[in-house]
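Q: Pasting final09.csv below, which is CSV, C-alpha atoms.
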chain,number,residue,atom,x,y,z
W,1,MET,CA,-24.8,-11.8,47.2
W,2,LEU,CA,-24.7,-11.7,51.0
W,3,LEU,CA,-23.6,-14.7,53.1
W,4,SER,CA,-23.3,-15.2,56.8
W,5,ARG,CA,-20.9,-17.5,58.6
W,6,GLU,CA,-20.3,-18.2,62.3
W,7,PHE,CA,-16.9,-19.0,63.8
W,8,ALA,CA,-15.9,-20.4,67.2
W,9,THR,CA,-12.9,-18.8,68.8
W,10,HIS,CA,-10.7,-20.0,71.7
W,11,GLY,CA,-9.8,-16.9,73.6
W,12,LEU,CA,-7.1,-14.4,72.7
W,13,GLY,CA,-5.6,-15.0,69.3
W,14,LEU,CA,-6.0,-15.3,65.5
W,15,VAL,CA,-8.2,-17.9,63.8
W,16,GLU,CA,-7.5,-18.5,60.1
W,17,ILE,CA,-10.8,-18.3,58.0
W,18,THR,CA,-9.3,-18.2,54.5
W,19,ALA,CA,-10.8,-21.5,53.4
W,20,GLU,CA,-14.3,-20.6,54.6
W,21,VAL,CA,-14.2,-17.3,52.7
W,22,ALA,CA,-12.7,-18.9,49.6
W,23,SER,CA,-15.6,-21.4,49.7
W,24,ALA,CA,-18.2,-18.6,49.9
W,25,VAL,CA,-16.5,-17.0,46.9
W,26,ALA,CA,-16.6,-20.2,44.9
W,27,GLU,CA,-20.3,-20.6,45.8
W,28,ALA,CA,-21.1,-17.1,44.4
W,29,LYS,CA,-19.6,-18.0,41.0
W,30,VAL,CA,-18.4,-14.5,40.3
W,31,GLN,CA,-15.5,-14.4,37.9
W,32,GLU,CA,-14.3,-10.8,38.7
W,33,GLY,CA,-15.5,-8.7,41.6
W,34,LEU,CA,-15.1,-7.7,45.2
W,35,CYS,CA,-15.5,-9.7,48.4
W,36,THR,CA,-16.2,-7.5,51.4
W,37,LEU,CA,-15.9,-9.0,54.9
W,38,PHE,CA,-17.6,-7.5,57.9
W,39,ILE,CA,-17.4,-8.7,61.5
W,40,GLN,CA,-20.5,-7.9,63.6
W,41,HIS,CA,-18.6,-7.4,66.8
W,42,THR,CA,-16.6,-4.7,68.6
W,43,SER,CA,-14.4,-7.0,70.7
W,44,ALA,CA,-13.1,-9.1,67.8
W,45,SER,CA,-11.7,-8.0,64.4
W,46,LEU,CA,-10.2,-9.0,61.1
W,47,THR,CA,-6.7,-8.9,59.6
W,48,ILE,CA,-4.8,-10.2,56.6
W,49,GLN,CA,-1.5,-11.7,57.8
W,50,GLU,CA,1.3,-14.1,57.0
W,51,ASN,CA,-0.2,-17.6,56.5
W,52,ALA,CA,2.9,-19.6,56.5
W,53,ASP,CA,4.6,-19.4,59.9
W,54,PRO,CA,2.4,-19.5,63.0
W,55,SER,CA,5.1,-17.7,65.0
W,56,ALA,CA,4.3,-14.5,63.1
W,57,ARG,CA,0.7,-14.6,64.4
W,58,ARG,CA,1.8,-15.5,67.9
W,59,ASP,CA,4.3,-12.6,68.0
W,60,LEU,CA,1.7,-10.2,66.5
W,61,GLY,CA,-0.9,-11.2,69.1
W,62,ARG,CA,1.5,-10.9,72.0
W,63,TRP,CA,2.7,-7.5,70.9
W,64,LEU,CA,-0.8,-6.1,70.8
W,65,GLU,CA,-1.6,-7.6,74.2
W,66,ARG,CA,1.5,-5.9,75.6
W,67,LEU,CA,0.4,-2.6,73.9
W,68,VAL,CA,-3.1,-2.8,75.4
W,69,PRO,CA,-2.8,-4.6,78.7
W,70,PRO,CA,-5.8,-5.3,80.9
W,71,ASN,CA,-6.2,-3.6,84.3
W,72,ASP,CA,-5.1,-0.2,83.0
W,73,PRO,CA,-5.9,2.2,85.9
W,74,ASP,CA,-7.3,4.7,83.4
W,75,PHE,CA,-10.1,2.4,82.3
W,76,THR,CA,-13.6,3.1,83.6
W,77,HIS,CA,-15.6,0.7,81.4
W,78,THR,CA,-14.8,-2.4,83.4
W,79,GLU,CA,-18.1,-4.0,84.3
W,80,GLU,CA,-17.6,-6.9,81.8
W,81,GLY,CA,-14.1,-7.7,83.1
W,82,PRO,CA,-10.5,-6.7,82.6
W,83,ASP,CA,-10.4,-7.9,79.0
W,84,ASP,CA,-13.4,-5.9,77.9
W,85,MET,CA,-11.9,-2.4,77.3
W,86,PRO,CA,-8.7,-3.8,75.8
W,87,SER,CA,-10.8,-5.8,73.3
W,88,HIS,CA,-12.5,-2.6,72.1
W,89,ILE,CA,-9.2,-0.8,71.7
W,90,LYS,CA,-7.6,-3.7,69.8
W,91,ALA,CA,-10.6,-3.8,67.5
W,92,ALA,CA,-10.3,-0.1,66.8
W,93,LEU,CA,-6.6,-0.4,66.0
W,94,THR,CA,-7.1,-3.3,63.5
W,95,SER,CA,-10.1,-3.9,61.1
W,96,THR,CA,-13.8,-4.4,61.3
W,97,THR,CA,-14.1,-4.7,57.5
W,98,LEU,CA,-11.8,-5.8,54.6
W,99,GLY,CA,-12.3,-5.7,50.8
W,100,ILE,CA,-10.6,-8.4,48.8
W,101,PRO,CA,-10.8,-8.5,44.9
W,102,ILE,CA,-12.0,-11.6,43.1
W,103,GLN,CA,-9.9,-12.6,40.1
W,104,GLN,CA,-10.7,-15.6,37.8
W,105,GLY,CA,-13.4,-16.8,40.3
W,106,ARG,CA,-11.0,-16.8,43.3
W,107,LEU,CA,-9.9,-14.5,46.1
W,108,ALA,CA,-6.9,-12.5,44.8
W,109,LEU,CA,-4.7,-12.9,47.9
W,110,GLY,CA,-0.9,-12.6,47.7
W,111,THR,CA,1.2,-15.7,48.0
W,112,TRP,CA,1.7,-15.3,51.8
W,113,GLN,CA,-1.6,-13.7,52.7
W,114,GLY,CA,-4.2,-15.4,54.8
W,115,ILE,CA,-7.5,-14.0,56.3
W,116,PHE,CA,-7.8,-14.1,60.1
W,117,LEU,CA,-10.5,-13.5,62.6
W,118,TRP,CA,-8.8,-12.0,65.7
W,119,GLU,CA,-10.4,-12.7,69.0
W,120,HIS,CA,-9.7,-10.1,71.7
W,121,ARG,CA,-11.7,-11.5,74.6
W,122,SER,CA,-10.2,-14.1,76.9
W,123,SER,CA,-13.0,-16.6,76.8
W,124,PRO,CA,-14.2,-18.6,73.7
W,125,LYS,CA,-16.9,-16.9,71.7
W,126,ARG,CA,-19.1,-17.5,68.7
W,127,ARG,CA,-18.5,-14.7,66.1
W,128,ARG,CA,-20.6,-13.7,63.1
W,129,LEU,CA,-19.0,-12.7,59.8
W,130,LEU,CA,-20.9,-11.2,56.8
W,131,ILE,CA,-19.5,-11.8,53.4
W,132,HIS,CA,-20.7,-9.5,50.6
W,133,ILE,CA,-19.8,-10.5,47.0
W,134,GLY,CA,-20.3,-7.9,44.3
W,135,SER,CA,-19.1,-7.5,40.7
S,1,MET,CA,-12.9,-3.9,36.3
S,2,LEU,CA,-9.7,-5.2,38.0
S,3,LEU,CA,-6.3,-3.7,37.3
S,4,SER,CA,-2.9,-4.6,38.7
S,5,ARG,CA,0.0,-2.2,39.2
S,6,GLU,CA,3.5,-2.8,40.5
S,7,PHE,CA,5.5,-0.2,42.6
S,8,ALA,CA,9.1,0.0,43.6
S,9,THR,CA,9.8,1.0,47.2
S,10,HIS,CA,13.1,2.3,48.7
S,11,GLY,CA,13.1,0.9,52.2
S,12,LEU,CA,11.1,2.1,55.2
S,13,GLY,CA,8.7,5.0,54.3
S,14,LEU,CA,5.7,6.2,52.3
S,15,VAL,CA,5.5,6.3,48.5
S,16,GLU,CA,2.8,8.4,47.0
S,17,ILE,CA,0.7,6.5,44.5
S,18,THR,CA,-2.3,8.9,44.0
S,19,ALA,CA,-1.4,9.7,40.3
S,20,GLU,CA,-1.2,6.0,39.3
S,21,VAL,CA,-4.6,5.2,41.0
S,22,ALA,CA,-6.2,8.3,39.5
S,23,SER,CA,-4.9,7.2,36.0
S,24,ALA,CA,-6.5,3.7,36.5
S,25,VAL,CA,-9.8,5.3,37.4
S,26,ALA,CA,-9.7,7.5,34.3
S,27,GLU,CA,-9.0,4.4,32.2
S,28,ALA,CA,-12.1,2.7,33.6
S,29,LYS,CA,-14.4,5.5,32.5
S,30,VAL,CA,-16.8,5.1,35.4
S,31,GLN,CA,-18.6,8.3,36.3
S,32,GLU,CA,-19.8,7.3,39.8
S,33,GLY,CA,-18.6,4.3,41.7
S,34,LEU,CA,-16.2,2.8,44.1
S,35,CYS,CA,-12.4,2.2,43.7
S,36,THR,CA,-11.1,-0.5,46.1
S,37,LEU,CA,-7.3,-0.9,46.6
S,38,PHE,CA,-5.8,-4.1,47.9
S,39,ILE,CA,-2.0,-4.6,48.5
S,40,GLN,CA,-0.9,-8.3,48.1
S,41,HIS,CA,1.6,-8.2,50.9
S,42,THR,CA,1.8,-8.5,54.7
S,43,SER,CA,4.9,-6.4,55.2
S,44,ALA,CA,3.7,-3.3,53.4
S,45,SER,CA,0.4,-1.5,53.7
S,46,LEU,CA,-1.8,1.4,52.4
S,47,THR,CA,-2.8,4.7,54.0
S,48,ILE,CA,-4.5,8.0,53.1
S,49,GLN,CA,-2.5,10.9,54.4
S,50,GLU,CA,-1.6,14.6,54.1
S,51,ASN,CA,-0.3,15.1,50.6
S,52,ALA,CA,1.0,18.7,51.0
S,53,ASP,CA,3.9,18.7,53.5
S,54,PRO,CA,6.4,15.8,53.4
S,55,SER,CA,7.3,16.4,57.0
S,56,ALA,CA,3.9,14.9,58.1
S,57,ARG,CA,4.8,11.6,56.4
S,58,ARG,CA,8.3,11.6,57.8
S,59,ASP,CA,7.0,12.2,61.3
S,60,LEU,CA,4.3,9.5,60.8
S,61,GLY,CA,6.8,6.9,59.6
S,62,ARG,CA,9.3,7.7,62.5
S,63,TRP,CA,6.5,7.5,65.1
S,64,LEU,CA,5.5,4.1,63.9
S,65,GLU,CA,9.1,2.9,63.8
S,66,ARG,CA,9.5,4.0,67.4
S,67,LEU,CA,6.3,2.2,68.4
S,68,VAL,CA,7.4,-1.0,66.8
S,69,PRO,CA,11.2,-1.2,67.0
S,70,PRO,CA,13.2,-4.1,65.6
S,71,ASN,CA,15.0,-6.4,67.9
S,72,ASP,CA,12.2,-6.7,70.4
S,73,PRO,CA,13.3,-9.5,72.8
S,74,ASP,CA,9.7,-11.0,72.7
S,75,PHE,CA,9.9,-11.7,69.0
S,76,THR,CA,10.4,-15.3,68.0
S,77,HIS,CA,9.6,-14.9,64.2
S,78,THR,CA,13.1,-13.6,63.3
S,79,GLU,CA,14.4,-15.8,60.5
S,80,GLU,CA,14.0,-13.1,57.8
S,81,GLY,CA,15.7,-10.5,59.9
S,82,PRO,CA,15.0,-7.9,62.5
S,83,ASP,CA,12.7,-5.8,60.3
S,84,ASP,CA,10.4,-8.8,59.5
S,85,MET,CA,8.2,-9.0,62.5
S,86,PRO,CA,7.9,-5.2,62.9
S,87,SER,CA,6.7,-5.1,59.3
S,88,HIS,CA,3.8,-7.5,59.9
S,89,ILE,CA,2.8,-5.5,63.0
S,90,LYS,CA,2.9,-2.2,61.2
S,91,ALA,CA,0.8,-3.7,58.4
S,92,ALA,CA,-1.8,-4.9,60.9
S,93,LEU,CA,-2.0,-1.5,62.5
S,94,THR,CA,-2.5,0.3,59.2
S,95,SER,CA,-4.5,-0.8,56.1
S,96,THR,CA,-4.3,-3.7,53.6
S,97,THR,CA,-7.4,-2.3,51.7
S,98,LEU,CA,-9.0,1.1,51.1
S,99,GLY,CA,-12.3,2.0,49.5
S,100,ILE,CA,-12.4,5.4,47.7
S,101,PRO,CA,-15.6,6.7,46.0
S,102,ILE,CA,-15.5,7.9,42.4
S,103,GLN,CA,-17.4,11.1,41.7
S,104,GLN,CA,-17.7,12.7,38.2
S,105,GLY,CA,-15.2,10.2,36.9
S,106,ARG,CA,-12.5,11.0,39.4
S,107,LEU,CA,-11.3,9.8,42.8
S,108,ALA,CA,-13.3,11.7,45.4
S,109,LEU,CA,-10.4,12.5,47.7
S,110,GLY,CA,-10.4,15.5,50.1
S,111,THR,CA,-8.3,18.5,49.3
S,112,TRP,CA,-5.3,17.4,51.4
S,113,GLN,CA,-5.6,13.6,50.9
S,114,GLY,CA,-3.1,11.5,49.0
S,115,ILE,CA,-2.9,7.8,48.7
S,116,PHE,CA,0.3,6.2,49.9
S,117,LEU,CA,2.0,2.8,49.8
S,118,TRP,CA,3.8,2.2,53.1
S,119,GLU,CA,6.9,0.1,52.9
S,120,HIS,CA,7.7,-1.6,56.2
S,121,ARG,CA,10.8,-3.6,55.2
S,122,SER,CA,14.3,-2.0,55.3
S,123,SER,CA,15.3,-3.0,51.8
S,124,PRO,CA,13.8,-1.9,48.5
S,125,LYS,CA,11.0,-4.1,47.2
S,126,ARG,CA,8.6,-4.5,44.3
S,127,ARG,CA,5.0,-4.4,45.6
S,128,ARG,CA,1.8,-5.4,43.8
S,129,LEU,CA,-1.4,-3.4,44.2
S,130,LEU,CA,-4.8,-4.5,42.8
S,131,ILE,CA,-7.3,-1.9,41.9
S,132,HIS,CA,-11.0,-2.9,41.7
S,133,ILE,CA,-13.4,-0.4,40.1
S,134,GLY,CA,-17.1,-1.0,40.5
S,135,SER,CA,-20.2,1.1,40.0
O,1,MET,CA,-25.5,6.0,44.5
O,2,LEU,CA,-23.2,8.5,46.1
O,3,LEU,CA,-24.3,10.9,48.9
O,4,SER,CA,-22.4,13.5,50.8
O,5,ARG,CA,-23.1,14.5,54.5
O,6,GLU,CA,-21.4,17.1,56.7
O,7,PHE,CA,-21.0,16.7,60.5
O,8,ALA,CA,-20.0,19.1,63.2
O,9,THR,CA,-17.5,17.9,65.8
O,10,HIS,CA,-16.7,19.3,69.2
O,11,GLY,CA,-12.9,18.7,69.6
O,12,LEU,CA,-11.3,15.4,70.5
O,13,GLY,CA,-13.7,12.5,70.7
O,14,LEU,CA,-16.2,10.3,68.9
O,15,VAL,CA,-19.5,11.5,67.4
O,16,GLU,CA,-22.1,8.8,66.7
O,17,ILE,CA,-23.3,9.0,63.0
O,18,THR,CA,-25.2,5.7,62.8
O,19,ALA,CA,-28.7,7.4,62.4
O,20,GLU,CA,-27.5,9.6,59.5
O,21,VAL,CA,-25.9,6.7,57.7
O,22,ALA,CA,-29.0,4.5,58.2
O,23,SER,CA,-31.1,7.3,56.8
O,24,ALA,CA,-29.0,7.5,53.7
O,25,VAL,CA,-29.3,3.7,53.2
O,26,ALA,CA,-33.1,4.0,53.6
O,27,GLU,CA,-33.1,6.8,51.0
O,28,ALA,CA,-31.2,4.5,48.5
O,29,LYS,CA,-33.9,1.8,48.7
O,30,VAL,CA,-31.3,-1.0,48.1
O,31,GLN,CA,-32.5,-4.3,49.6
O,32,GLU,CA,-29.1,-6.0,49.6
O,33,GLY,CA,-25.7,-4.4,48.9
O,34,LEU,CA,-22.8,-2.6,50.4
O,35,CYS,CA,-22.5,0.8,52.0
O,36,THR,CA,-19.0,2.3,51.9
O,37,LEU,CA,-18.1,5.3,54.0
O,38,PHE,CA,-15.2,7.6,53.2
O,39,ILE,CA,-14.1,10.6,55.3
O,40,GLN,CA,-12.4,13.3,53.3
O,41,HIS,CA,-9.9,14.3,56.0
O,42,THR,CA,-6.6,13.2,57.3
O,43,SER,CA,-7.0,14.5,60.9
O,44,ALA,CA,-10.3,12.8,61.6
O,45,SER,CA,-11.3,9.1,61.0
O,46,LEU,CA,-14.1,6.5,61.3
O,47,THR,CA,-14.6,3.5,63.6
O,48,ILE,CA,-17.3,1.0,64.5
O,49,GLN,CA,-17.6,0.7,68.3
O,50,GLU,CA,-19.8,-0.2,71.2
O,51,ASN,CA,-22.9,1.9,71.0
O,52,ALA,CA,-24.4,1.1,74.4
O,53,ASP,CA,-22.1,2.5,77.1
O,54,PRO,CA,-20.5,6.0,76.5
O,55,SER,CA,-17.7,5.0,78.9
O,56,ALA,CA,-16.3,2.6,76.3
O,57,ARG,CA,-15.8,5.5,73.8
O,58,ARG,CA,-14.4,7.8,76.5
O,59,ASP,CA,-11.8,5.2,77.5
O,60,LEU,CA,-11.0,4.5,73.9
O,61,GLY,CA,-10.4,8.2,73.1
O,62,ARG,CA,-8.3,8.7,76.2
O,63,TRP,CA,-6.2,5.6,75.5
O,64,LEU,CA,-5.3,6.8,72.0
O,65,GLU,CA,-4.6,10.3,73.3
O,66,ARG,CA,-2.1,8.8,75.8
O,67,LEU,CA,-0.5,6.7,73.0
O,68,VAL,CA,-0.1,9.7,70.7
O,69,PRO,CA,0.4,12.7,73.0
O,70,PRO,CA,1.0,16.2,71.6
O,71,ASN,CA,4.4,18.0,72.0
O,72,ASP,CA,6.3,14.9,71.1
O,73,PRO,CA,9.9,16.2,70.8
O,74,ASP,CA,10.4,14.1,67.6
O,75,PHE,CA,7.7,15.9,65.7
O,76,THR,CA,8.8,18.4,63.0
O,77,HIS,CA,5.4,19.0,61.4
O,78,THR,CA,4.2,21.4,64.0
O,79,GLU,CA,3.1,24.6,62.2
O,80,GLU,CA,-0.6,24.0,62.6
O,81,GLY,CA,-0.2,23.4,66.3
O,82,PRO,CA,0.6,20.6,68.8
O,83,ASP,CA,-2.5,18.6,68.0
O,84,ASP,CA,-1.8,18.5,64.2
O,85,MET,CA,0.7,15.6,63.9
O,86,PRO,CA,-1.0,13.5,66.6
O,87,SER,CA,-4.2,13.8,64.5
O,88,HIS,CA,-2.6,12.4,61.4
O,89,ILE,CA,-1.1,9.5,63.4
O,90,LYS,CA,-4.4,8.7,65.0
O,91,ALA,CA,-6.1,8.8,61.6
O,92,ALA,CA,-3.5,6.3,60.2
O,93,LEU,CA,-4.0,3.9,63.1
O,94,THR,CA,-7.8,3.9,62.8
O,95,SER,CA,-10.0,4.0,59.5
O,96,THR,CA,-10.5,6.4,56.7
O,97,THR,CA,-13.0,4.0,55.0
O,98,LEU,CA,-15.5,1.4,56.2
O,99,GLY,CA,-17.6,-1.1,54.2
O,100,ILE,CA,-20.9,-2.2,55.8
O,101,PRO,CA,-23.3,-4.7,54.2
O,102,ILE,CA,-26.9,-3.9,53.6
O,103,GLN,CA,-29.4,-6.6,54.4
O,104,GLN,CA,-33.2,-6.4,54.0
O,105,GLY,CA,-32.8,-2.7,53.2
O,106,ARG,CA,-30.9,-1.9,56.4
O,107,LEU,CA,-27.3,-1.6,57.6
O,108,ALA,CA,-26.3,-5.1,58.8
O,109,LEU,CA,-24.6,-3.9,62.0
O,110,GLY,CA,-24.3,-6.2,65.0
O,111,THR,CA,-26.4,-5.6,68.1
O,112,TRP,CA,-23.8,-3.5,69.9
O,113,GLN,CA,-22.2,-1.8,66.9
O,114,GLY,CA,-22.5,1.9,66.2
O,115,ILE,CA,-20.7,4.0,63.5
O,116,PHE,CA,-18.6,6.9,64.8
O,117,LEU,CA,-16.7,9.8,63.3
O,118,TRP,CA,-13.6,10.3,65.4
O,119,GLU,CA,-12.3,13.9,65.7
O,120,HIS,CA,-8.6,14.1,66.4
O,121,ARG,CA,-8.2,17.9,66.4
O,122,SER,CA,-8.7,19.9,69.6
O,123,SER,CA,-11.0,22.5,68.1
O,124,PRO,CA,-14.5,22.0,66.6
O,125,LYS,CA,-14.5,21.2,62.9
O,126,ARG,CA,-16.9,20.5,60.0
O,127,ARG,CA,-16.2,17.1,58.5
O,128,ARG,CA,-17.4,15.7,55.2
O,129,LEU,CA,-18.4,12.1,54.8
O,130,LEU,CA,-19.1,10.4,51.4
O,131,ILE,CA,-21.5,7.5,51.4
O,132,HIS,CA,-21.4,5.1,48.5
O,133,ILE,CA,-24.2,2.6,48.2
O,134,GLY,CA,-23.9,-0.3,45.7
O,135,SER,CA,-25.6,-3.6,45.1
Take the structure in the file and write it out as structure tokens.
A:
Amino acid sequence: MLLSREFATHGLGLVEITAEVASAVAEAKVQEGLCTLFIQHTSASLTIQENADPSARRDLGRWLERLVPPNDPDFTHTEEGPDDMPSHIKAALTSTTLGIPIQQGRLALGTWQGIFLWEHRSSPKRRRLLIHIGS
Amino acid sequence: MLLSREFATHGLGLVEITAEVASAVAEAKVQEGLCTLFIQHTSASLTIQENADPSARRDLGRWLERLVPPNDPDFTHTEEGPDDMPSHIKAALTSTTLGIPIQQGRLALGTWQGIFLWEHRSSPKRRRLLIHIGS
Amino acid sequence: MLLSREFATHGLGLVEITAEVASAVAEAKVQEGLCTLFIQHTSASLTIQENADPSARRDLGRWLERLVPPNDPDFTHTEEGPDDMPSHIKAALTSTTLGIPIQQGRLALGTWQGIFLWEHRSSPKRRRLLIHIGS
């Protein structure tokens, strides 16, 4: 089963999408299997992170922004703006795809795990996620 | 088929889990398929690395510790100690999930590849790994 | 269905393999499913990146080379040369495995996404990729 979902982002930062993915899994009515997520972009990515304290996500986002700052004098791919090349690097360092087991009809996430879409461009975007559910 | 395994870690560093995953694959009796690993934590992760020379793992671990040191003055998520926020960042930069093909009933790893659980907290922990085996 | 493909690389940098993977998917005649890629090496990796402008790949490669330079005085795993340890670190920071959905018989890549094999050794190599196609 293959589902498609669109998400609005609000510039740099992580957007939690756990509820939307869990709802797709419920819709598929698969008791045991594998849910594979795939984001159809190269300037946004996916990650599984702490879902309890928002400060962990904020620190994570800021740390990566510091590692890959805009306006790096070595960048030549700059036509789309100073946040374009950093967005591709951040996507390469994180995940375009994730595989999460399904157990008793639900995503088998750990207690503190949430699924996040990570926007690496400065301006709000609409991002498309594919959700494959297999047994 | 979905299996669950628990591993003890010993503070920062990589623990080889190839034999345990290979044994789960043998138990599943699948000739050709896909083995997906998922770690249910956000302060430990997975990686496939050189299995021959332990110095490669040591250098890898130390390099990442240098890239993401504790006590970063920009961190605000510090309640659980100085190794908490670095552990989340290291997990985001490595892998929460891995997909390994099964060929002739065995994990189709390359000659020098081993599967490792990467502990990012300073103290020993018990870590849960889910193993999904599909065809 | 499990296929195996070999690719020649030309030293440090990204080699596009989208056409070869698309051809394997066409061969499998699966209308809807999941294509999982697995590279059988620890000194080369996989990534999904911008396929339009080669300058994005060049900048990405150079940025990672600057982050993980050879001849780091902390490296002890140096027998195979100065590019050996950096190659393992770069592989750990990127991807050994990718899962891409199949939709209407084709890889469901986004408009600007291409699949790349990333060589992290200085000299040309032959690299083996496994392609698992499931439903």
Q: What does the Cα RMSD come to when chain O is optimally superposed on chain W over every C-alpha atom in order?
A: 0.1 Å
Q: Define the interface residues of chain O facing chain S as those within 8 Å, counting all atoms listed in the file, and report them as JSON, numbers by chain.
A: {"O": [1, 2, 36, 38, 40, 41, 42, 74, 75, 76, 77, 85, 88, 89, 92, 93, 94, 96, 97, 98, 99, 130, 132, 134]}
Q: Of the candidates O:Phe7, O:Ala52, O:Arg66, O:Asp72, which one gets nearest to Glu119 (chain O) if we count only C-alpha atoms?
A: O:Phe7
Q: Could you please determine the separation between CA of Gly105 (chain O) and CA of Glu27 (chain O) in Å, to one decimal place?
A: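 Here the two named atoms are 9.8 Å from each other.
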Q: Which polymer residues, whether protein, DNA or RNA, lie within 12 Å of the coordinate (-5.5, 8.0, 39.5) when you count only C-alpha atoms? List them as a list in words, using the chain letters and numbers from the file.
A: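 Using only C-alpha atoms, the matching residues come out as Leu3, Arg5, Glu16, Ile17, Thr18, Ala19, Glu20, Val21, Ala22, Ser23, Ala24, Val25, Ala26, Glu27, Ala28, Lys29, Cys35, Leu37, Ile100, Ile102, Gly105, Arg106, Leu107, Ala108, Leu109, Gly114, Ile115, Ile131 and Ile133 of chain S.
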